[in-house]
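Asker: This is structure-v2.json (JSON, C-alpha atoms).
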[["chain", "number", "residue", "atom", "x", "y", "z"],
["A", 1, "MET", "CA", 0.00, 0.00, 0.00],
["A", 2, "ALA", "CA", 1.34, 3.35, -0.95],
["A", 3, "THR", "CA", 0.59, 6.82, 0.31],
["A", 4, "ARG", "CA", 1.68, 10.15, -1.08],
["A", 5, "LEU", "CA", 1.98, 13.80, -0.24],
["A", 6, "VAL", "CA", -1.41, 15.36, -0.93],
["A", 7, "CYS", "CA", -1.29, 18.95, 0.33],
["A", 8, "ARG", "CA", 0.95, 21.77, -0.68],
["A", 9, "SER", "CA", 0.69, 25.50, -0.11],
["A", 10, "THR", "CA", 2.89, 28.57, 0.04],
["A", 11, "CYS", "CA", 1.06, 31.34, 1.82],
["A", 12, "ARG", "CA", 3.09, 34.53, 1.98],
["A", 13, "SER", "CA", 5.99, 33.40, 4.20],
["A", 14, "ARG", "CA", 4.60, 29.99, 5.02],
["A", 15, "LEU", "CA", 4.86, 26.52, 3.56],
["A", 16, "VAL", "CA", 2.57, 23.65, 4.60],
["A", 17, "ALA", "CA", 2.82, 19.96, 3.73],
["A", 18, "TYR", "CA", 1.10, 16.81, 4.98],
["A", 19, "LEU", "CA", 2.99, 13.53, 5.00],
["A", 20, "PRO", "CA", 2.15, 9.95, 5.94],
["A", 21, "SER", "CA", 4.82, 9.76, 8.64],
["A", 22, "LEU", "CA", 7.85, 11.44, 10.17],
["A", 23, "GLN", "CA", 10.07, 8.90, 8.43],
["A", 24, "ALA", "CA", 8.72, 10.15, 5.10],
["A", 25, "ALA", "CA", 9.91, 13.67, 5.94],
["A", 26, "VAL", "CA", 13.41, 12.38, 6.69],
["A", 27, "HIS", "CA", 13.33, 10.37, 3.48],
["A", 28, "HIS", "CA", 12.54, 13.55, 1.52],
["A", 29, "MET", "CA", 15.51, 15.34, 3.10],
["A", 30, "ARG", "CA", 17.80, 12.39, 2.49],
["A", 31, "ALA", "CA", 16.74, 12.10, -1.15],
["A", 32, "PHE", "CA", 17.43, 15.79, -1.76],
["A", 33, "SER", "CA", 20.80, 15.58, 0.01],
["A", 34, "SER", "CA", 21.85, 12.60, -2.12],
["A", 35, "TYR", "CA", 20.70, 14.32, -5.30],
["A", 36, "ASP", "CA", 22.53, 17.53, -4.46],
["A", 37, "GLU", "CA", 25.71, 15.59, -3.65],
["A", 38, "ARG", "CA", 25.59, 13.73, -6.95],
["A", 39, "ARG", "CA", 24.99, 16.99, -8.76],
["A", 40, "GLN", "CA", 28.03, 18.58, -7.11],
["A", 41, "ASN", "CA", 30.25, 15.57, -7.85],
["A", 42, "THR", "CA", 29.27, 15.48, -11.53],
["A", 43, "ARG", "CA", 31.96, 16.90, -13.72],
["A", 44, "HIS", "CA", 30.82, 19.45, -16.25],
["A", 45, "MET", "CA", 32.87, 20.66, -19.17],
["A", 46, "GLU", "CA", 33.65, 24.31, -18.72],
["A", 47, "GLU", "CA", 32.27, 26.48, -21.45],
["A", 48, "LEU", "CA", 34.92, 28.19, -23.49],
["A", 49, "PRO", "CA", 34.74, 31.99, -23.37],
["A", 50, "GLU", "CA", 33.44, 33.66, -26.45],
["A", 51, "ALA", "CA", 36.03, 34.86, -28.87],
["A", 52, "ASP", "CA", 37.11, 38.41, -28.28],
["A", 53, "SER", "CA", 35.90, 40.68, -31.04],
["A", 54, "LYS", "CA", 39.32, 42.37, -31.04],
["A", 55, "THR", "CA", 41.19, 39.15, -31.84],
["A", 56, "ILE", "CA", 43.11, 39.42, -35.14],
["A", 57, "TRP", "CA", 42.68, 36.46, -37.48],
["A", 58, "PRO", "CA", 44.52, 35.77, -40.78],
["A", 59, "ASP", "CA", 42.81, 36.78, -44.00],
["A", 60, "ALA", "CA", 40.08, 34.30, -44.88],
["A", 61, "ILE", "CA", 41.01, 34.35, -48.61],
["A", 62, "LEU", "CA", 44.80, 34.67, -48.60],
["A", 63, "GLY", "CA", 45.23, 32.38, -45.61],
["A", 64, "PRO", "CA", 48.81, 32.17, -44.32],
["A", 65, "PHE", "CA", 50.00, 34.41, -47.19],
["A", 66, "GLY", "CA", 47.94, 37.31, -45.98],
["A", 67, "PRO", "CA", 48.91, 39.74, -43.17],
["A", 68, "THR", "CA", 48.86, 38.14, -39.72],
["A", 69, "ASP", "CA", 47.63, 41.38, -38.24],
["A", 70, "LYS", "CA", 45.21, 43.49, -40.21],
["A", 71, "ARG", "CA", 46.28, 46.55, -38.29],
["A", 72, "PHE", "CA", 49.66, 46.27, -40.11],
["A", 73, "PRO", "CA", 48.73, 45.29, -43.69],
["A", 74, "LEU", "CA", 51.96, 46.61, -45.32],
["A", 75, "PRO", "CA", 55.14, 44.57, -45.64],
["A", 76, "GLY", "CA", 57.30, 44.65, -42.55],
["A", 77, "LEU", "CA", 54.24, 44.95, -40.28],
["A", 78, "VAL", "CA", 53.68, 48.59, -41.20],
["A", 79, "GLY", "CA", 50.32, 50.24, -40.79],
["A", 80, "ALA", "CA", 48.76, 53.67, -40.97],
["A", 81, "ARG", "CA", 48.85, 55.79, -37.83],
["A", 82, "HIS", "CA", 45.09, 56.51, -37.73],
["A", 83, "GLN", "CA", 44.43, 52.80, -37.39],
["A", 84, "LEU", "CA", 46.40, 52.56, -34.16],
["A", 85, "VAL", "CA", 45.22, 55.66, -32.34],
["A", 86, "ALA", "CA", 41.63, 55.69, -31.18],
["A", 87, "PRO", "CA", 39.84, 58.97, -31.85],
["A", 88, "LYS", "CA", 39.32, 61.12, -28.81],
["A", 89, "GLN", "CA", 35.80, 61.43, -27.55],
["A", 90, "GLN", "CA", 34.50, 64.94, -27.49],
["A", 91, "GLU", "CA", 33.82, 65.98, -23.93],
["A", 92, "LEU", "CA", 30.68, 67.92, -23.32],
["A", 93, "PRO", "CA", 31.09, 71.10, -21.34],
["A", 94, "TYR", "CA", 29.69, 70.89, -17.81],
["A", 95, "ALA", "CA", 26.92, 73.35, -17.24],
["A", 96, "LYS", "CA", 27.56, 74.96, -13.90],
["A", 97, "GLY", "CA", 24.79, 76.45, -11.87],
["A", 98, "LEU", "CA", 22.06, 74.65, -13.82],
["A", 99, "SER", "CA", 18.76, 74.90, -12.00],
["A", 100, "ASP", "CA", 17.11, 71.68, -10.80],
["A", 101, "ILE", "CA", 13.66, 72.89, -11.73],
["A", 102, "LEU", "CA", 13.41, 70.19, -14.39],
["A", 103, "SER", "CA", 14.45, 67.36, -12.04],
["A", 104, "LYS", "CA", 12.59, 68.47, -8.93],
["A", 105, "GLU", "CA", 9.59, 66.33, -8.02],
["A", 106, "LEU", "CA", 6.31, 68.15, -8.31],
["A", 107, "PRO", "CA", 3.36, 67.74, -5.90],
["A", 108, "GLN", "CA", 1.37, 66.03, -8.64],
["A", 109, "ASP", "CA", 4.13, 63.45, -9.05],
["A", 110, "ARG", "CA", 4.15, 62.69, -5.31],
["A", 111, "GLN", "CA", 0.38, 62.27, -5.30],
["A", 112, "ALA", "CA", 0.58, 59.86, -8.22],
["A", 113, "LYS", "CA", 3.21, 57.77, -6.43],
["A", 114, "VAL", "CA", 1.08, 57.60, -3.28],
["A", 115, "ILE", "CA", -1.93, 56.41, -5.27],
["A", 116, "VAL", "CA", 0.12, 53.72, -7.04],
["A", 117, "GLN", "CA", 1.60, 52.53, -3.76],
["A", 118, "ALA", "CA", -1.84, 52.38, -2.10],
["A", 119, "ALA", "CA", -3.22, 50.35, -5.00],
["A", 120, "ALA", "CA", -0.27, 47.94, -4.80],
["A", 121, "ASN", "CA", -0.76, 47.48, -1.05],
["A", 122, "ALA", "CA", -4.47, 46.81, -1.55],
["A", 123, "GLN", "CA", -3.68, 44.16, -4.15],
["A", 124, "GLN", "CA", -1.15, 42.48, -1.84],
["A", 125, "MET", "CA", -3.69, 42.41, 0.99],
["A", 126, "SER", "CA", -6.27, 40.87, -1.34],
["A", 127, "GLU", "CA", -3.81, 38.19, -2.45],
["A", 128, "ALA", "CA", -2.90, 37.46, 1.17],
["A", 129, "GLU", "CA", -6.58, 36.98, 2.06],
["A", 130, "GLU", "CA", -6.98, 34.58, -0.87],
["A", 131, "ASP", "CA", -3.93, 32.65, 0.32],
["A", 132, "ASP", "CA", -5.39, 32.45, 3.82],
["A", 133, "VAL", "CA", -8.60, 30.98, 2.42],
["A", 134, "LEU", "CA", -6.56, 28.49, 0.42],
["A", 135, "LEU", "CA", -4.60, 27.53, 3.51],
["A", 136, "ASP", "CA", -7.77, 26.99, 5.52],
["A", 137, "ASP", "CA", -9.08, 24.66, 2.83],
["A", 138, "LEU", "CA", -6.05, 22.40, 3.15],
["A", 139, "SER", "CA", -6.70, 19.23, 5.08],
["A", 140, "PRO", "CA", -4.77, 15.97, 5.42],
["A", 141, "SER", "CA", -6.08, 12.67, 4.13],
["A", 142, "THR", "CA", -6.94, 9.79, 6.40],
["A", 143, "LEU", "CA", -3.49, 8.31, 5.77],
["A", 144, "ASP", "CA", -1.53, 11.46, 6.66],
["A", 145, "THR", "CA", -0.40, 11.63, 10.27],
["A", 146, "LEU", "CA", 2.14, 14.45, 10.09],
["A", 147, "GLU", "CA", 1.91, 18.17, 9.38],
["A", 148, "TYR", "CA", 5.06, 20.02, 8.35],
["A", 149, "VAL", "CA", 5.00, 23.83, 8.46],
["A", 150, "ALA", "CA", 7.96, 26.08, 7.60],
["A", 151, "GLN", "CA", 7.52, 29.82, 8.07],
["A", 152, "ASP", "CA", 9.46, 33.00, 8.72],
["A", 153, "CYS", "CA", 9.65, 33.88, 12.39],
["A", 154, "PRO", "CA", 7.59, 37.02, 13.07],
["A", 155, "GLU", "CA", 9.81, 40.04, 13.56],
["A", 156, "LEU", "CA", 7.97, 41.03, 16.74],
["A", 157, "ILE", "CA", 9.05, 37.90, 18.64],
["A", 158, "ARG", "CA", 12.56, 37.43, 17.24],
["A", 159, "LYS", "CA", 14.06, 39.06, 20.30],
["A", 160, "ASP", "CA", 12.33, 36.45, 22.47],
["A", 161, "PHE", "CA", 14.61, 33.78, 20.97],
["A", 162, "MET", "CA", 17.90, 35.58, 21.61],
["A", 163, "ASP", "CA", 18.30, 33.99, 25.06],
["A", 164, "LEU", "CA", 17.21, 30.61, 23.73],
["A", 165, "PHE", "CA", 20.02, 30.51, 21.14],
["A", 166, "PRO", "CA", 22.99, 32.37, 22.66],
["A", 167, "GLY", "CA", 25.35, 30.90, 20.08],
["A", 168, "PHE", "CA", 23.45, 32.30, 17.09],
["A", 169, "ASP", "CA", 22.42, 35.85, 16.26],
["A", 170, "VAL", "CA", 18.71, 35.53, 15.49],
["A", 171, "SER", "CA", 18.32, 39.27, 14.90],
["A", 172, "ARG", "CA", 20.18, 39.17, 11.59],
["A", 173, "GLY", "CA", 19.40, 37.37, 8.38],
["A", 174, "ARG", "CA", 16.88, 34.59, 7.92],
["A", 175, "PHE", "CA", 15.25, 32.87, 10.88],
["A", 176, "THR", "CA", 12.85, 30.10, 9.87],
["A", 177, "VAL", "CA", 10.66, 28.12, 12.22],
["A", 178, "ILE", "CA", 9.74, 24.54, 11.29],
["A", 179, "THR", "CA", 6.95, 22.94, 13.31],
["A", 180, "ILE", "CA", 6.32, 19.21, 13.02],
["A", 181, "SER", "CA", 2.96, 17.99, 14.35],
["A", 182, "GLN", "CA", 2.33, 14.26, 14.68],
["A", 183, "LYS", "CA", -1.22, 13.01, 14.98],
["A", 184, "THR", "CA", -1.76, 10.86, 18.09],
["A", 185, "ASP", "CA", -4.21, 8.11, 18.91],
["A", 186, "ASN", "CA", -4.59, 9.29, 22.49],
["A", 187, "ASP", "CA", -5.71, 12.64, 23.84],
["A", 188, "MET", "CA", -2.60, 14.46, 25.07],
["A", 189, "SER", "CA", -4.67, 16.52, 27.53],
["A", 190, "ALA", "CA", -5.72, 13.50, 29.63],
["A", 191, "TRP", "CA", -3.04, 11.37, 31.26],
["A", 192, "SER", "CA", -3.16, 7.61, 30.89],
["A", 193, "VAL", "CA", -0.71, 4.78, 30.56],
["A", 194, "ASP", "CA", -1.38, 4.47, 26.82],
["A", 195, "MET", "CA", -0.92, 8.21, 26.38],
["A", 196, "GLU", "CA", 2.40, 8.14, 28.23],
["A", 197, "LEU", "CA", 3.69, 5.23, 26.16],
["A", 198, "GLU", "CA", 2.66, 6.86, 22.89],
["A", 199, "ARG", "CA", 4.21, 10.15, 23.98],
["A", 200, "GLU", "CA", 7.55, 8.49, 24.74],
["A", 201, "GLU", "CA", 7.49, 6.73, 21.38],
["A", 202, "LEU", "CA", 6.75, 9.96, 19.49],
["A", 203, "LEU", "CA", 9.45, 11.77, 21.49],
["A", 204, "GLU", "CA", 12.06, 9.24, 20.41],
["A", 205, "GLN", "CA", 10.95, 9.45, 16.77],
["A", 206, "PHE", "CA", 11.01, 13.24, 16.78],
["A", 207, "VAL", "CA", 14.48, 13.55, 18.33],
["A", 208, "THR", "CA", 15.94, 11.02, 15.88],
["A", 209, "ALA", "CA", 14.32, 12.67, 12.85],
["A", 210, "ALA", "CA", 15.15, 16.22, 14.00],
["A", 211, "GLN", "CA", 18.82, 15.31, 14.36],
["A", 212, "GLU", "CA", 18.90, 14.03, 10.78],
["A", 213, "ILE", "CA", 17.06, 17.07, 9.41],
["A", 214, "CYS", "CA", 19.43, 19.44, 11.22],
["A", 215, "SER", "CA", 22.36, 17.42, 9.93],
["A", 216, "PHE", "CA", 21.13, 17.77, 6.34],
["A", 217, "LEU", "CA", 20.70, 21.53, 6.77],
["A", 218, "GLN", "CA", 24.14, 21.91, 8.33],
["A", 219, "GLU", "CA", 25.75, 19.92, 5.51],
["A", 220, "ALA", "CA", 24.09, 22.36, 3.11],
["A", 221, "GLY", "CA", 25.86, 25.22, 4.91],
["A", 222, "PHE", "CA", 23.05, 26.43, 7.18],
["A", 223, "TRP", "CA", 22.70, 26.75, 10.92],
["A", 224, "ALA", "CA", 20.02, 24.52, 12.42],
["A", 225, "ASP", "CA", 18.88, 23.40, 15.85],
["A", 226, "PHE", "CA", 15.76, 21.98, 17.48],
["A", 227, "ILE", "CA", 14.10, 22.13, 20.86],
["A", 228, "ASP", "CA", 14.39, 19.06, 23.07],
["A", 229, "PRO", "CA", 10.80, 18.45, 24.21],
["A", 230, "CYS", "CA", 12.02, 17.02, 27.52],
["A", 231, "SER", "CA", 14.14, 19.98, 28.65],
["A", 232, "GLY", "CA", 12.71, 22.75, 26.47],
["A", 233, "ARG", "CA", 16.26, 23.79, 25.54],
["A", 234, "PRO", "CA", 18.19, 23.64, 22.24],
["A", 235, "PHE", "CA", 19.43, 20.12, 21.61],
["A", 236, "LEU", "CA", 22.59, 21.04, 19.69],
["A", 237, "GLY", "CA", 23.39, 24.53, 20.95],
["A", 238, "PRO", "CA", 25.12, 25.65, 24.14],
["A", 239, "TYR", "CA", 23.33, 25.42, 27.48],
["A", 240, "THR", "CA", 20.95, 28.23, 28.37],
["A", 241, "ASN", "CA", 18.57, 28.98, 31.19],
["A", 242, "SER", "CA", 15.89, 29.98, 28.69],
["A", 243, "THR", "CA", 13.35, 27.28, 27.74],
["A", 244, "MET", "CA", 10.52, 26.72, 25.29],
["A", 245, "PHE", "CA", 8.16, 23.90, 26.18],
["A", 246, "GLU", "CA", 5.24, 22.81, 24.02],
["A", 247, "THR", "CA", 2.81, 24.99, 25.99],
["A", 248, "ASP", "CA", 4.89, 28.13, 25.49],
["A", 249, "GLU", "CA", 2.87, 31.17, 24.45],
["A", 250, "ARG", "CA", 5.16, 31.69, 21.45],
["A", 251, "TYR", "CA", 3.50, 28.73, 19.76],
["A", 252, "ARG", "CA", 0.45, 30.94, 19.26],
["A", 253, "HIS", "CA", 2.40, 32.86, 16.62],
["A", 254, "PHE", "CA", 3.01, 29.59, 14.72],
["A", 255, "GLY", "CA", -0.65, 28.64, 14.31],
["A", 256, "PHE", "CA", -1.34, 26.72, 17.52],
["A", 257, "THR", "CA", -3.70, 27.34, 20.41],
["A", 258, "ILE", "CA", -2.65, 27.10, 24.06],
["A", 259, "ASP", "CA", -5.60, 25.97, 26.18],
["A", 260, "ASP", "CA", -5.59, 26.59, 29.93],
["A", 261, "LEU", "CA", -7.36, 23.69, 31.62],
["A", 262, "GLY", "CA", -6.96, 25.14, 35.10],
["A", 263, "CYS", "CA", -4.61, 22.51, 36.45],
["A", 264, "CYS", "CA", -2.33, 22.65, 33.40],
["A", 265, "LYS", "CA", -1.94, 23.98, 29.88],
["A", 266, "VAL", "CA", -2.09, 21.96, 26.67],
["A", 267, "ILE", "CA", -1.26, 22.78, 23.07],
["A", 268, "SER", "CA", -4.00, 22.34, 20.50],
["A", 269, "HIS", "CA", -3.64, 21.72, 16.76],
["A", 270, "HIS", "CA", -6.00, 23.51, 14.35],
["A", 271, "ILE", "CA", -7.11, 20.18, 12.83],
["A", 272, "TRP", "CA", -6.30, 17.40, 15.30],
["A", 273, "GLY", "CA", -6.93, 19.38, 18.47],
["A", 274, "THR", "CA", -5.22, 17.87, 21.51],
["A", 275, "HIS", "CA", -4.55, 14.66, 19.57],
["A", 276, "ALA", "CA", -1.18, 16.01, 18.42],
["A", 277, "TYR", "CA", 2.46, 15.90, 19.48],
["A", 278, "VAL", "CA", 4.34, 19.04, 18.42],
["A", 279, "GLY", "CA", 8.07, 19.55, 17.87],
["A", 280, "CYS", "CA", 9.96, 22.62, 16.70],
["A", 281, "LEU", "CA", 13.12, 23.25, 14.65],
["A", 282, "PHE", "CA", 14.92, 26.48, 13.79],
["A", 283, "THR", "CA", 17.26, 27.32, 10.92],
["A", 284, "ASN", "CA", 18.59, 30.28, 8.95],
["A", 285, "ALA", "CA", 17.66, 28.61, 5.66],
["A", 286, "ALA", "CA", 14.81, 30.38, 3.89],
["A", 287, "TYR", "CA", 11.45, 28.67, 4.15],
["A", 288, "ASN", "CA", 11.34, 28.46, 0.33],
["A", 289, "HIS", "CA", 14.85, 26.99, -0.03],
["A", 290, "PRO", "CA", 14.89, 23.83, -2.21],
["A", 291, "ILE", "CA", 16.05, 21.63, 0.67],
["A", 292, "ILE", "CA", 12.92, 22.65, 2.62],
["A", 293, "GLN", "CA", 10.55, 22.84, -0.33],
["A", 294, "GLU", "CA", 11.58, 19.30, -1.28],
["A", 295, "LEU", "CA", 9.02, 18.10, 1.26],
["A", 296, "THR", "CA", 6.23, 19.58, -0.86],
["A", 297, "GLU", "CA", 7.15, 17.63, -3.97],
["A", 298, "PRO", "CA", 4.74, 14.74, -4.67],
["A", 299, "ARG", "CA", 6.36, 11.40, -4.01],
["A", 300, "THR", "CA", 5.08, 7.87, -3.54],
["A", 301, "TYR", "CA", 6.06, 5.84, -0.50],
["A", 302, "ASP", "CA", 5.78, 2.17, 0.24],
["A", 303, "GLU", "CA", 5.18, 1.08, 3.80],
["A", 304, "GLU", "CA", 8.25, -1.18, 3.67],
["A", 305, "GLU", "CA", 10.39, 1.77, 2.55],
["A", 306, "CYS", "CA", 9.17, 3.92, 5.45],
["A", 307, "ASP", "CA", 9.67, 1.08, 7.93],
["A", 308, "GLN", "CA", 13.33, 0.83, 6.90],
["A", 309, "GLU", "CA", 13.87, 4.40, 8.06],
["A", 310, "ASP", "CA", 13.06, 3.41, 11.70]]
Hey, can you dump this file as structure tokens for me?
Answerer:
Amino acid sequence: MATRLVCRSTCRSRLVAYLPSLQAAVHHMRAFSSYDERRQNTRHMEELPEADSKTIWPDAILGPFGPTDKRFPLPGLVGARHQLVAPKQQELPYAKGLSDILSKELPQDRQAKVIVQAAANAQQMSEAEEDDVLLDDLSPSTLDTLEYVAQDCPELIRKDFMDLFPGFDVSRGRFTVITISQKTDNDMSAWSVDMELEREELLEQFVTAAQEICSFLQEAGFWADFIDPCSGRPFLGPYTNSTMFETDERYRHFGFTIDDLGCCKVISHHIWGTHAYVGCLFTNAAYNHPIIQELTEPRTYDEEECDQED
């Protein structure tokens, strides 16, 4: 039995994909890494530069009996002087004190620019609303148990991650958040023995897969790290007192809901509710980089192939 990637969307600075399992996500990354490595190791013949237009070739009719350099057609490599000296370009006199009345922007021009900019902003807002509707229409199939979301970290909360990653400057350059939500059989808001066993199993799968994904990103030249769900701290980075557990309020900015049950808090998925186990990765690779977008490419998986990834 085979399952495939069925949902794909790029909404502004967000990419969403649904996969049959976490092993399928790792398989996507591994396939891209192998392809990129083969592409880099393939030897390509370097293209020869185009012939310079100033290169002097022998006469096409006389061949070797003609002059080797057409600039010196006479015997003894003698040529006329005007052929060697380039004519001087006539310099235009600089007009000093020229008024800028012709280059100065008029009020009518400023008004026109404001109107054009307002129309462009209105069009962008309309397109964003259409993308939001498209994103809301996305839903996983009955065989998909994993949601993969890559998005730009909102600028307003970037500073909140500075203490979490002391070894990386999150205030500069790209800062992409990758959330991986696994659908669970048990309700994560109610404790039970089955829930605890499933949670431990999903924890082990997430840590193993997140290490491989970060490794692929690092091999591609990017910085990458993920949050250890047990400690709430970066798994690969230096130790820090700052933490980010799955009920952290910052998850609200990534599309999740934090429900306060009175005795505790629980994270809720927009489709699976509290039947979800959420993990989080961070990288400075753009959300639309090929190594991340590879997960949105349709691909067929066999169950035996996914089981081999365990």
Asker: Contacts of stretch 183-189 of chain A at 10 Å or less, counting only C-alpha atoms, minus same-chain residues fewer than 2 places along, as a JSON list (two decimals) with C-alpha atoms, in the frame of the given file?
Answerer:
[["chain", "number", "residue", "atom", "x", "y", "z"],
["A", 21, "SER", "CA", 4.82, 9.76, 8.64],
["A", 144, "ASP", "CA", -1.53, 11.46, 6.66],
["A", 145, "THR", "CA", -0.40, 11.63, 10.27],
["A", 146, "LEU", "CA", 2.14, 14.45, 10.09],
["A", 147, "GLU", "CA", 1.91, 18.17, 9.38],
["A", 180, "ILE", "CA", 6.32, 19.21, 13.02],
["A", 181, "SER", "CA", 2.96, 17.99, 14.35],
["A", 191, "TRP", "CA", -3.04, 11.37, 31.26],
["A", 192, "SER", "CA", -3.16, 7.61, 30.89],
["A", 194, "ASP", "CA", -1.38, 4.47, 26.82],
["A", 195, "MET", "CA", -0.92, 8.21, 26.38],
["A", 196, "GLU", "CA", 2.40, 8.14, 28.23],
["A", 197, "LEU", "CA", 3.69, 5.23, 26.16],
["A", 198, "GLU", "CA", 2.66, 6.86, 22.89],
["A", 199, "ARG", "CA", 4.21, 10.15, 23.98],
["A", 202, "LEU", "CA", 6.75, 9.96, 19.49],
["A", 259, "ASP", "CA", -5.60, 25.97, 26.18],
["A", 261, "LEU", "CA", -7.36, 23.69, 31.62],
["A", 264, "CYS", "CA", -2.33, 22.65, 33.40],
["A", 265, "LYS", "CA", -1.94, 23.98, 29.88],
["A", 266, "VAL", "CA", -2.09, 21.96, 26.67],
["A", 267, "ILE", "CA", -1.26, 22.78, 23.07],
["A", 268, "SER", "CA", -4.00, 22.34, 20.50],
["A", 269, "HIS", "CA", -3.64, 21.72, 16.76],
["A", 271, "ILE", "CA", -7.11, 20.18, 12.83],
["A", 272, "TRP", "CA", -6.30, 17.40, 15.30],
["A", 273, "GLY", "CA", -6.93, 19.38, 18.47],
["A", 274, "THR", "CA", -5.22, 17.87, 21.51],
["A", 275, "HIS", "CA", -4.55, 14.66, 19.57],
["A", 276, "ALA", "CA", -1.18, 16.01, 18.42],
["A", 277, "TYR", "CA", 2.46, 15.90, 19.48],
["A", 278, "VAL", "CA", 4.34, 19.04, 18.42]]
Asker: Can you work out which one of A:Trp223, A:Phe206, A:Phe216, A:Tyr251 has the shortest atom-to-atom distance to A:Gly173, counting all atoms listed in the file?
Answerer: A:Trp223
Asker: So how far away is atom CA of A:Gln23 from atom CA of A:Asn284, in Å?
Answerer: 23.0 Å
Asker: If I take atom CA of A:Glu219 and atom CA of A:Arg30, how far is one from the other in Å, to one decimal?
Answerer: 11.4 Å
Asker: Of the residues A:Val207, A:Ala285, A:Ala112, A:Leu74, which is the one nearest to A:Phe235, using all atoms listed in the file?
Answerer: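 So, comparing all the options, the nearest one is A:Val207.
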Asker: Residues near A:Ala224, anyone? I mean within 9 Å using all atoms listed in the file, not counting same-chain ones fewer than 2 positions away, as an NGL selection string.
Answerer: :A and (213-215 or 217-218 or 222 or 226 or 236 or 281-285)
